[in-house]
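In what follows, a single structure is set out as structure tokens and then discussed.
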Amino acid sequence: MTAILARRPVREAAELARTTPGVLSGFLLALVVVGLLAGLFTALGVQSRANALTALATRSGPLTAAAEEIYRSLSDADATANGAFLAGGLEPTSSRQRYEADIAQAGNALAIAVAARVPADVTAAGSPLATLSSQLPVYTGLVETARADNRQGLPLGAAYQREASNLMRTQLLPAAESLYRAENAQLAADQDNADGVPWLEILLALVVIALLVATQLYLRRHTNRVFNAGLLVASGAAVISLLWVLIATLGATSDVNDSRTNGSAQADTLARARIATLNARADETLTLVARGAGKAYQDDYVKLNDSLRTLLDNARGAATDSAVGDNVAAAIDDHRAWSDAHADIRAADDSGDYTSAVRVAIEPVPDGAVVAFDELDGDLRAAIERTRAAFGAEVTDGSAAVAGTVAAVSVLAVVVAAASAAGIWRRLKDYR
Amino acid sequence: MRTRVATALAAVALTLAGCATVATTTIPTAPAQVPVPGGAAPATASSAPAAPDCGDVGASLRPPNPLPAPGQMPAGSTMARIVQRGKLVVGVDQNTLNMGFRDPFTSQIQGFDVDMARAVAQAIFGSPDAIQLRALTSDQRIPALQNGDVDIVVRTMTITCDRLQQVNFSTVYYDAQQRILVRKNSGITGADQLAGKKACATKGSTSLNTLLALPSQPTAIGVADWTDCLVMLQQGQIDAVSTDDVILAGMAAQDRYTEVVGSSLGDQPYGMAIPKQNEDFVRFVNGVLERVRTNGTWTASYQRWLGGLLSGSTPAPPAPRYRD
């Protein structure tokens, strides 16, 4: 220690620090360094928030929707294919077209989900996207074999259809569900990144302002000037930067919060209600396909139906938009109608009237299950689209709120550094 | 000028570097995805001890004489309770061609077994349509009877001493032989060549027990329905299906690249299974079967469903045997 102090440059610096010009040089150095660094970190902080908002708008938002669409189209495809094995006789063209549309849509949504990932995510063993990509062609192959056998009047066709449905229910749908959950969790994480209070930015701004105040107090005490123009400009710039960051980020935070309550949280409840609806419909169909040996499916239906009722009630309570509220109210009515139809199906089947049970289940008759199911699914789809639109609008507002902030805080940081340096430099020149 | 040249060189270098990266990227190999029928799994021998020898399994209870007329069932009898309900609830198969199967065109379950069940409904109600069919897998048959879900099971069910401890059986209404079904080019000609091969049977069937006891010790795969075995055979996941000749003939009729080979692995006498306690119903059903054998119903049904599947002329119905 003494050795260091004894060294000449160190000793000279220590002597200089005791003089006013020395202290002023120190303030100058500190203001330039701290001002620029604070500007850099503030800009980075705001940039990461802007990135999170961009991710919400372009990645996690659309991908959550794509994952839900994969689940919906796969589940509907399976229910439709199974339904064709209930009716007997030639498969109706409308049912075939519905199946084809579902498969096309599943492939389409899957391509969107895959395109957003790096290859390693997609090919990792057991990843949902790997399962979906590799098993979907296998599934469609089995369904076509089932169809070909069925058209020749062979009971073997039903066995291929069972194998296809088993693949769907044990592998494809669980993969689609875990993909949906992962995308939804990513969306929530992006929202958390975008809506935090900007503590670091506030702290940095306060440090710069405190340093400026200290410099000005020192100057006032040790020179006869009350005001220093450069330091005043720097102080103004620092305060403007702080206010800019506060207004922009707090605005964005509130938009992100709204995107949650008016958008994604409701969309998630509704999407889970839709998944429960689709699964319950599959159970209803499979109970009949099993011809009296389908108790496990019926038990699953009862469980899903209860959770569907809870989800719909939650969705009604959470609705913030009257149009969404109307959709959910309609969904609750249609759910009731479907439950009544289901009770009719079970009563007919349990009393041995299988033909009537199948008619109520798959034919578009009034008070039939398929009409109520399609309407319920339509209500949920409309409500989900509305909440997703609300989500998108709020996220766009949030992006607009932080737009230009990075450039502004960068310029203001340079102003703080330059004006401080200029202001102090004028005083230092007095000591020449 | 010099800067511009440098920039151009840098761009070329970057492009080359980019190409090099793409060229060295390897595409990982994804394993093939083999679908399996729901619940298909390797089977192991059951640990339950075999029932002691119970003598002639085909001997059942003697029918009443005369048989009550349709709609006039004795008060308090099982048949009277069925009449009260309005329908005879029968456990059948919907997957076994021409024994009990769902016709894809009409969606109706039909076949030889279903004809036999309809004869019972005819005798109780005077109408063969007073019947409710419940599709059962092999391993659901005995639980369904014990829970009272069905009045009777008519589903290619072999009478065994084990099963006689849990349910009652009618007299034998069909005599089957267990054999094996293989792909035509497989080179397998009998059960002795199944060593190291995979063979399929339904869970809860006597066929599966026979497979597990074979000296050639094939790997036994248990599935839910018989057609699941045919699916796996077509997909090359198994080498053979082993069960009763009449079931195998139904499979061979659906796939002309398969054939039934080898000698019989054992007699499989089919009976209608009835809950243990309903002895009055067993006697009644045996009376119905007497009539079915003698009035030509049996022969007509055999000719309609099985004549085209099995070679040889129409056999005589199995003669009933009674133990009291």
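As shown in the structure tokens, the chain order sets the letters A, B, ...; within each chain, residues go from 1, and ligands are also counted from 1 in the order they appear.
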**Message:** Based on only C-alpha atoms, which of the residues in chain B come within 7 Å of chain A? I want them as a list in words.
**Reply:** Gln33, Pro35, Val36, Pro37, Gly38, Asn95, Leu97, Phe101, Arg102, Asp103, Pro104, Phe105, Thr106, Ser107, Gln132, Arg134, Ala135, Leu136, Thr227, Asp228, Val231 and Gln254 of chain B
**Message:** Applying 12 Å and only C-alpha atoms, which residues near Gly22 in chain A remain after dropping the ones on its own chain fewer than 5 positions away? List them as a PyMOL selection string.
**Reply:** chain A and resi 12-17+27-29+424-425+427-428+431
Output the selection as a PDB file, in the first residue's frame - N, CA and C atoms for each residue.
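The result, stored in result_29.pdb:
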ATOM      1  N   GLU A  12       0.943  12.050  -7.328  1.00  0.00           N
ATOM      2  CA  GLU A  12       0.511  13.279  -7.997  1.00  0.00           C
ATOM      3  C   GLU A  12      -1.006  13.330  -8.128  1.00  0.00           C
ATOM      4  N   ALA A  13      -1.627  12.186  -8.457  1.00  0.00           N
ATOM      5  CA  ALA A  13      -3.079  12.129  -8.598  1.00  0.00           C
ATOM      6  C   ALA A  13      -3.731  12.424  -7.261  1.00  0.00           C
ATOM      7  N   ALA A  14      -3.184  11.881  -6.194  1.00  0.00           N
ATOM      8  CA  ALA A  14      -3.753  12.104  -4.862  1.00  0.00           C
ATOM      9  C   ALA A  14      -3.660  13.577  -4.497  1.00  0.00           C
ATOM     10  N   GLU A  15      -2.556  14.205  -4.871  1.00  0.00           N
ATOM     11  CA  GLU A  15      -2.423  15.642  -4.587  1.00  0.00           C
ATOM     12  C   GLU A  15      -3.428  16.447  -5.395  1.00  0.00           C
ATOM     13  N   LEU A  16      -3.579  16.023  -6.698  1.00  0.00           N
ATOM     14  CA  LEU A  16      -4.512  16.723  -7.588  1.00  0.00           C
ATOM     15  C   LEU A  16      -5.933  16.637  -7.052  1.00  0.00           C
ATOM     16  N   ALA A  17      -6.302  15.483  -6.498  1.00  0.00           N
ATOM     17  CA  ALA A  17      -7.667  15.264  -6.030  1.00  0.00           C
ATOM     18  C   ALA A  17      -8.020  16.227  -4.916  1.00  0.00           C
ATOM     19  N   PHE A  27     -15.352  14.714 -11.543  1.00  0.00           N
ATOM     20  CA  PHE A  27     -16.790  14.778 -11.863  1.00  0.00           C
ATOM     21  C   PHE A  27     -17.010  14.628 -13.362  1.00  0.00           C
ATOM     22  N   LEU A  28     -16.146  15.321 -14.162  1.00  0.00           N
ATOM     23  CA  LEU A  28     -16.299  15.263 -15.611  1.00  0.00           C
ATOM     24  C   LEU A  28     -16.199  13.813 -16.101  1.00  0.00           C
ATOM     25  N   LEU A  29     -15.117  13.175 -15.607  1.00  0.00           N
ATOM     26  CA  LEU A  29     -14.910  11.786 -16.018  1.00  0.00           C
ATOM     27  C   LEU A  29     -16.107  10.915 -15.624  1.00  0.00           C
ATOM     28  N   ILE A 424     -18.462  21.520 -17.559  1.00  0.00           N
ATOM     29  CA  ILE A 424     -17.351  21.442 -16.605  1.00  0.00           C
ATOM     30  C   ILE A 424     -16.067  21.965 -17.251  1.00  0.00           C
ATOM     31  N   TRP A 425     -15.909  21.670 -18.535  1.00  0.00           N
ATOM     32  CA  TRP A 425     -14.710  22.112 -19.261  1.00  0.00           C
ATOM     33  C   TRP A 425     -14.557  23.631 -19.175  1.00  0.00           C
ATOM     34  N   ARG A 427     -15.472  25.609 -16.791  1.00  0.00           N
ATOM     35  CA  ARG A 427     -14.980  25.981 -15.467  1.00  0.00           C
ATOM     36  C   ARG A 427     -13.509  25.583 -15.306  1.00  0.00           C
ATOM     37  N   LEU A 428     -13.166  24.406 -15.857  1.00  0.00           N
ATOM     38  CA  LEU A 428     -11.781  23.956 -15.717  1.00  0.00           C
ATOM     39  C   LEU A 428     -10.829  24.938 -16.389  1.00  0.00           C
ATOM     40  N   TYR A 431      -9.071  27.659 -14.513  1.00  0.00           N
ATOM     41  CA  TYR A 431      -7.913  27.360 -13.657  1.00  0.00           C
ATOM     42  C   TYR A 431      -6.615  27.295 -14.434  1.00  0.00           C
TER      43      TYR A 431
END
**Request:** Skip Thr160 in chain B itself and residues of its chain fewer than 3 positions away, then list as a list of chain:residue names all residues within 9 Å of it, counting only C-alpha atoms.
**Result:** B:Ala51, B:Cys54, B:Val57, B:Gly58, B:Arg163, B:Leu164, B:Gln165, B:Thr206, B:Gln268, B:Pro269
**Message:** List the spatial neighbours of Arg260 in chain A as an MDAnalysis selection string - criterion: any atom at most 9 Å away, only C-alpha atoms, same-chain residues fewer than 3 positions off excluded.
**Reply:** chainID A and resid 188 191 255:257 263:266 391 394
Go ahead and dump the residues you just picked, all heavy atoms, as a PDB file, in the first residue's frame.
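Listed below is the output, part_20.pdb:
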ATOM      1  N   ALA A 188     -46.917 -16.703 -21.808  1.00  0.00           N
ATOM      2  CA  ALA A 188     -46.975 -16.098 -20.474  1.00  0.00           C
ATOM      3  C   ALA A 188     -45.602 -15.561 -20.075  1.00  0.00           C
ATOM      4  O   ALA A 188     -45.493 -14.472 -19.485  1.00  0.00           O
ATOM      5  CB  ALA A 188     -47.462 -17.132 -19.464  1.00  0.00           C
ATOM      6  N   GLN A 191     -44.974 -12.374 -21.818  1.00  0.00           N
ATOM      7  CA  GLN A 191     -45.747 -11.304 -21.183  1.00  0.00           C
ATOM      8  C   GLN A 191     -45.055 -10.828 -19.912  1.00  0.00           C
ATOM      9  O   GLN A 191     -44.969  -9.628 -19.643  1.00  0.00           O
ATOM     10  CB  GLN A 191     -47.164 -11.798 -20.866  1.00  0.00           C
ATOM     11  CG  GLN A 191     -48.064 -11.779 -22.087  1.00  0.00           C
ATOM     12  CD  GLN A 191     -49.401 -12.424 -21.831  1.00  0.00           C
ATOM     13  OE1 GLN A 191     -49.501 -13.371 -21.047  1.00  0.00           O
ATOM     14  NE2 GLN A 191     -50.432 -11.921 -22.481  1.00  0.00           N
ATOM     15  N   ASP A 255     -50.525  -2.101 -21.246  1.00  0.00           N
ATOM     16  CA  ASP A 255     -51.051  -2.771 -22.447  1.00  0.00           C
ATOM     17  C   ASP A 255     -50.871  -4.284 -22.348  1.00  0.00           C
ATOM     18  O   ASP A 255     -51.759  -5.047 -22.716  1.00  0.00           O
ATOM     19  CB  ASP A 255     -50.322  -2.258 -23.701  1.00  0.00           C
ATOM     20  CG  ASP A 255     -50.748  -0.842 -24.045  1.00  0.00           C
ATOM     21  OD1 ASP A 255     -51.874  -0.463 -23.680  1.00  0.00           O
ATOM     22  OD2 ASP A 255     -49.937  -0.121 -24.649  1.00  0.00           O
ATOM     23  N   VAL A 256     -49.687  -4.702 -21.834  1.00  0.00           N
ATOM     24  CA  VAL A 256     -49.439  -6.147 -21.730  1.00  0.00           C
ATOM     25  C   VAL A 256     -50.393  -6.778 -20.712  1.00  0.00           C
ATOM     26  O   VAL A 256     -50.940  -7.854 -20.931  1.00  0.00           O
ATOM     27  CB  VAL A 256     -47.961  -6.416 -21.357  1.00  0.00           C
ATOM     28  CG1 VAL A 256     -47.761  -7.889 -21.043  1.00  0.00           C
ATOM     29  CG2 VAL A 256     -47.055  -6.005 -22.494  1.00  0.00           C
ATOM     30  N   ASN A 257     -50.619  -6.039 -19.598  1.00  0.00           N
ATOM     31  CA  ASN A 257     -51.591  -6.539 -18.624  1.00  0.00           C
ATOM     32  C   ASN A 257     -52.963  -6.704 -19.255  1.00  0.00           C
ATOM     33  O   ASN A 257     -53.654  -7.700 -19.033  1.00  0.00           O
ATOM     34  CB  ASN A 257     -51.694  -5.566 -17.440  1.00  0.00           C
ATOM     35  CG  ASN A 257     -50.666  -5.896 -16.388  1.00  0.00           C
ATOM     36  OD1 ASN A 257     -50.322  -7.060 -16.219  1.00  0.00           O
ATOM     37  ND2 ASN A 257     -50.157  -4.885 -15.710  1.00  0.00           N
ATOM     38  N   GLY A 263     -57.283 -10.675 -23.326  1.00  0.00           N
ATOM     39  CA  GLY A 263     -56.903 -11.537 -24.446  1.00  0.00           C
ATOM     40  C   GLY A 263     -56.490 -12.927 -24.048  1.00  0.00           C
ATOM     41  O   GLY A 263     -57.315 -13.827 -23.921  1.00  0.00           O
ATOM     42  N   SER A 264     -55.201 -13.109 -23.774  1.00  0.00           N
ATOM     43  CA  SER A 264     -54.652 -14.469 -23.731  1.00  0.00           C
ATOM     44  C   SER A 264     -55.218 -15.326 -22.603  1.00  0.00           C
ATOM     45  O   SER A 264     -55.422 -16.520 -22.783  1.00  0.00           O
ATOM     46  CB  SER A 264     -53.133 -14.403 -23.632  1.00  0.00           C
ATOM     47  OG  SER A 264     -52.755 -13.678 -22.490  1.00  0.00           O
ATOM     48  N   ALA A 265     -55.497 -14.717 -21.425  1.00  0.00           N
ATOM     49  CA  ALA A 265     -56.022 -15.540 -20.327  1.00  0.00           C
ATOM     50  C   ALA A 265     -57.392 -16.091 -20.693  1.00  0.00           C
ATOM     51  O   ALA A 265     -57.679 -17.282 -20.485  1.00  0.00           O
ATOM     52  CB  ALA A 265     -56.105 -14.720 -19.038  1.00  0.00           C
ATOM     53  N   GLN A 266     -58.226 -15.246 -21.274  1.00  0.00           N
ATOM     54  CA  GLN A 266     -59.548 -15.725 -21.713  1.00  0.00           C
ATOM     55  C   GLN A 266     -59.411 -16.729 -22.842  1.00  0.00           C
ATOM     56  O   GLN A 266     -60.122 -17.740 -22.875  1.00  0.00           O
ATOM     57  CB  GLN A 266     -60.385 -14.542 -22.195  1.00  0.00           C
ATOM     58  CG  GLN A 266     -60.871 -13.643 -21.083  1.00  0.00           C
ATOM     59  CD  GLN A 266     -61.769 -12.549 -21.645  1.00  0.00           C
ATOM     60  OE1 GLN A 266     -62.690 -12.822 -22.399  1.00  0.00           O
ATOM     61  NE2 GLN A 266     -61.489 -11.320 -21.272  1.00  0.00           N
ATOM     62  N   PHE A 391     -56.065  -9.511 -27.821  1.00  0.00           N
ATOM     63  CA  PHE A 391     -54.667  -9.720 -27.442  1.00  0.00           C
ATOM     64  C   PHE A 391     -53.742  -9.020 -28.440  1.00  0.00           C
ATOM     65  O   PHE A 391     -52.851  -8.250 -28.061  1.00  0.00           O
ATOM     66  CB  PHE A 391     -54.380 -11.231 -27.402  1.00  0.00           C
ATOM     67  CG  PHE A 391     -52.925 -11.591 -27.334  1.00  0.00           C
ATOM     68  CD1 PHE A 391     -52.266 -11.603 -26.118  1.00  0.00           C
ATOM     69  CD2 PHE A 391     -52.222 -11.919 -28.488  1.00  0.00           C
ATOM     70  CE1 PHE A 391     -50.928 -11.933 -26.053  1.00  0.00           C
ATOM     71  CE2 PHE A 391     -50.885 -12.251 -28.424  1.00  0.00           C
ATOM     72  CZ  PHE A 391     -50.234 -12.253 -27.207  1.00  0.00           C
ATOM     73  N   GLU A 394     -53.794  -5.165 -28.124  1.00  0.00           N
ATOM     74  CA  GLU A 394     -53.095  -4.655 -26.942  1.00  0.00           C
ATOM     75  C   GLU A 394     -51.582  -4.746 -27.119  1.00  0.00           C
ATOM     76  O   GLU A 394     -50.842  -3.842 -26.736  1.00  0.00           O
ATOM     77  CB  GLU A 394     -53.515  -5.430 -25.685  1.00  0.00           C
ATOM     78  CG  GLU A 394     -54.977  -5.279 -25.300  1.00  0.00           C
ATOM     79  CD  GLU A 394     -55.325  -3.876 -24.815  1.00  0.00           C
ATOM     80  OE1 GLU A 394     -54.407  -3.034 -24.692  1.00  0.00           O
ATOM     81  OE2 GLU A 394     -56.520  -3.626 -24.582  1.00  0.00           O
TER      82      GLU A 394
END
**Item:** Nearest candidate to Gln178 in chain B (options B:Ala195, B:Gln235, B:Phe125, B:Val261; using only C-alpha atoms)
**Value:**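 Under the stated criterion, the closest residue is B:Val261.
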**Asked** Please, which residues of range 43-238 of chain B, numbered as in this document, come out strand (DSSP E or B) from DSSP, as JSON, numbers by chain?
**Response** {"B": [59, 60, 88, 89, 90, 91, 92, 95, 96, 100, 101, 102, 109, 110, 131, 132, 133, 134, 135, 152, 153, 158, 167, 168, 169, 174, 175, 176, 177, 178, 179, 180, 181, 182, 183, 198, 199, 200, 201, 202, 219, 220, 221, 222, 223]}
**Prompt:** If you count only C-alpha atoms, which residues fall within 10 Å of Arg386 in chain A, apart from same-chain ones fewer than 5 positions away, as a PyMOL selection string?
**Reply:** chain A and resi 262-263+266-267+321+323-324+327+380-381+391-392
Write out, as an mmCIF file, in the first residue's frame, the residues just selected, with C-alpha atoms.
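Everything below was put into selection04.cif:
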data_model
loop_
_atom_site.group_PDB
_atom_site.id
_atom_site.type_symbol
_atom_site.label_atom_id
_atom_site.label_comp_id
_atom_site.auth_asym_id
_atom_site.auth_seq_id
_atom_site.Cartn_x
_atom_site.Cartn_y
_atom_site.Cartn_z
ATOM 1 C CA ASN A 262 -58.743 -9.096 -22.228
ATOM 2 C CA GLY A 263 -56.903 -11.537 -24.446
ATOM 3 C CA GLN A 266 -59.548 -15.725 -21.713
ATOM 4 C CA ALA A 267 -58.321 -17.341 -24.916
ATOM 5 C CA ASP A 321 -65.999 -7.802 -23.999
ATOM 6 C CA ALA A 323 -69.465 -9.843 -27.781
ATOM 7 C CA VAL A 324 -67.264 -12.492 -26.142
ATOM 8 C CA ASN A 327 -70.521 -16.036 -27.458
ATOM 9 C CA LEU A 380 -66.051 -21.191 -28.792
ATOM 10 C CA ARG A 381 -64.168 -20.537 -32.013
ATOM 11 C CA PHE A 391 -54.667 -9.720 -27.442
ATOM 12 C CA GLY A 392 -53.126 -8.677 -30.758
#
**Message:** Need the shell around Ser48 in chain A: protein/DNA/RNA residues with any atom at most 12 Å away, counting only C-alpha atoms. Skip same-chain ones fewer than 3 positions apart. Format as a list in words?
**Reply:**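 That gives Phe41, Thr42, Ala43, Leu44, Gly45, Asn51, Ala52, Leu53, Thr54, Ala55, Asp190, Gln191, Asp192, Asn193, Ala194, Asp195, Gly196, Pro198, Thr249, Ser399, Val402, Thr405 and Val406 of chain A.
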Can you pull out the residues contacting Ile82 in chain B? Cut-off 10 Å, using only C-alpha atoms, and skip same-chain residues under 4 positions away; I want them as a compact mmCIF listing (two decimals) with N, CA, C and O atoms, in the first residue's frame.
# COMPACT_ATOMS: atom_id res chain seq x y z
N MET B 73 -93.55 -67.73 -19.65
CA MET B 73 -92.45 -68.22 -18.83
C MET B 73 -92.94 -68.43 -17.40
O MET B 73 -93.79 -67.69 -16.91
N SER B 77 -89.06 -67.08 -12.78
CA SER B 77 -87.90 -67.64 -13.46
C SER B 77 -87.04 -66.53 -14.07
O SER B 77 -87.49 -65.38 -14.20
N THR B 78 -85.80 -66.88 -14.43
CA THR B 78 -84.91 -65.92 -15.11
C THR B 78 -85.56 -65.43 -16.39
O THR B 78 -85.50 -64.25 -16.73
N GLY B 86 -88.19 -56.89 -21.47
CA GLY B 86 -88.59 -56.62 -22.85
C GLY B 86 -87.56 -57.03 -23.89
O GLY B 86 -87.87 -57.06 -25.08
N LYS B 87 -86.32 -57.27 -23.46
CA LYS B 87 -85.29 -57.66 -24.44
C LYS B 87 -84.33 -58.65 -23.81
O LYS B 87 -84.05 -58.57 -22.62
N LEU B 88 -83.83 -59.55 -24.66
CA LEU B 88 -82.77 -60.46 -24.23
C LEU B 88 -81.44 -59.75 -24.50
O LEU B 88 -81.17 -59.33 -25.62
N VAL B 89 -80.63 -59.55 -23.46
CA VAL B 89 -79.34 -58.86 -23.62
C VAL B 89 -78.26 -59.90 -23.83
O VAL B 89 -78.02 -60.76 -22.97
N ALA B 121 -84.04 -65.69 -28.28
CA ALA B 121 -85.00 -64.60 -28.16
C ALA B 121 -86.36 -65.02 -28.72
O ALA B 121 -87.41 -64.74 -28.16
N ILE B 124 -88.18 -67.10 -26.21
CA ILE B 124 -88.69 -66.39 -25.04
C ILE B 124 -89.84 -65.46 -25.42
O ILE B 124 -90.87 -65.43 -24.77
N PHE B 125 -89.63 -64.66 -26.47
CA PHE B 125 -90.57 -63.59 -26.80
C PHE B 125 -91.48 -63.92 -27.98
O PHE B 125 -92.43 -63.19 -28.25
N ASP B 151 -77.50 -61.20 -20.24
CA ASP B 151 -78.19 -62.42 -19.80
C ASP B 151 -77.42 -63.65 -20.23
O ASP B 151 -77.46 -64.69 -19.57
**Request:** For CA of Val370 in chain A and CA of Ala341 in chain A, quote the distance in Å rounded to one decimal.
**Result:**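 We find that CA of Val370 in chain A and CA of Ala341 in chain A lie 8.9 Å from each other.
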**Request:** Provide the CA of Val246 in chain B to CA of Ala176 in chain B distance in Å, to one decimal place.
**Result:**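 Those two atoms sit 6.6 Å apart.
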**Asked** What is the distance, in Å and to one decimal place, between CA of Leu56 in chain A and CA of Val114 in chain A?
**Response** 17.2 Å
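Nearest to Asp225 in chain B of all the residues B:Val285, B:Val92, B:Val292, B:Ala300 is B:Val92, based on only C-alpha atoms.
Minimum distance to Ala67 in chain A across A:Ala271, A:Leu136, A:Leu24, A:Leu243 (counting only C-alpha atoms) occurs at A:Ala271.
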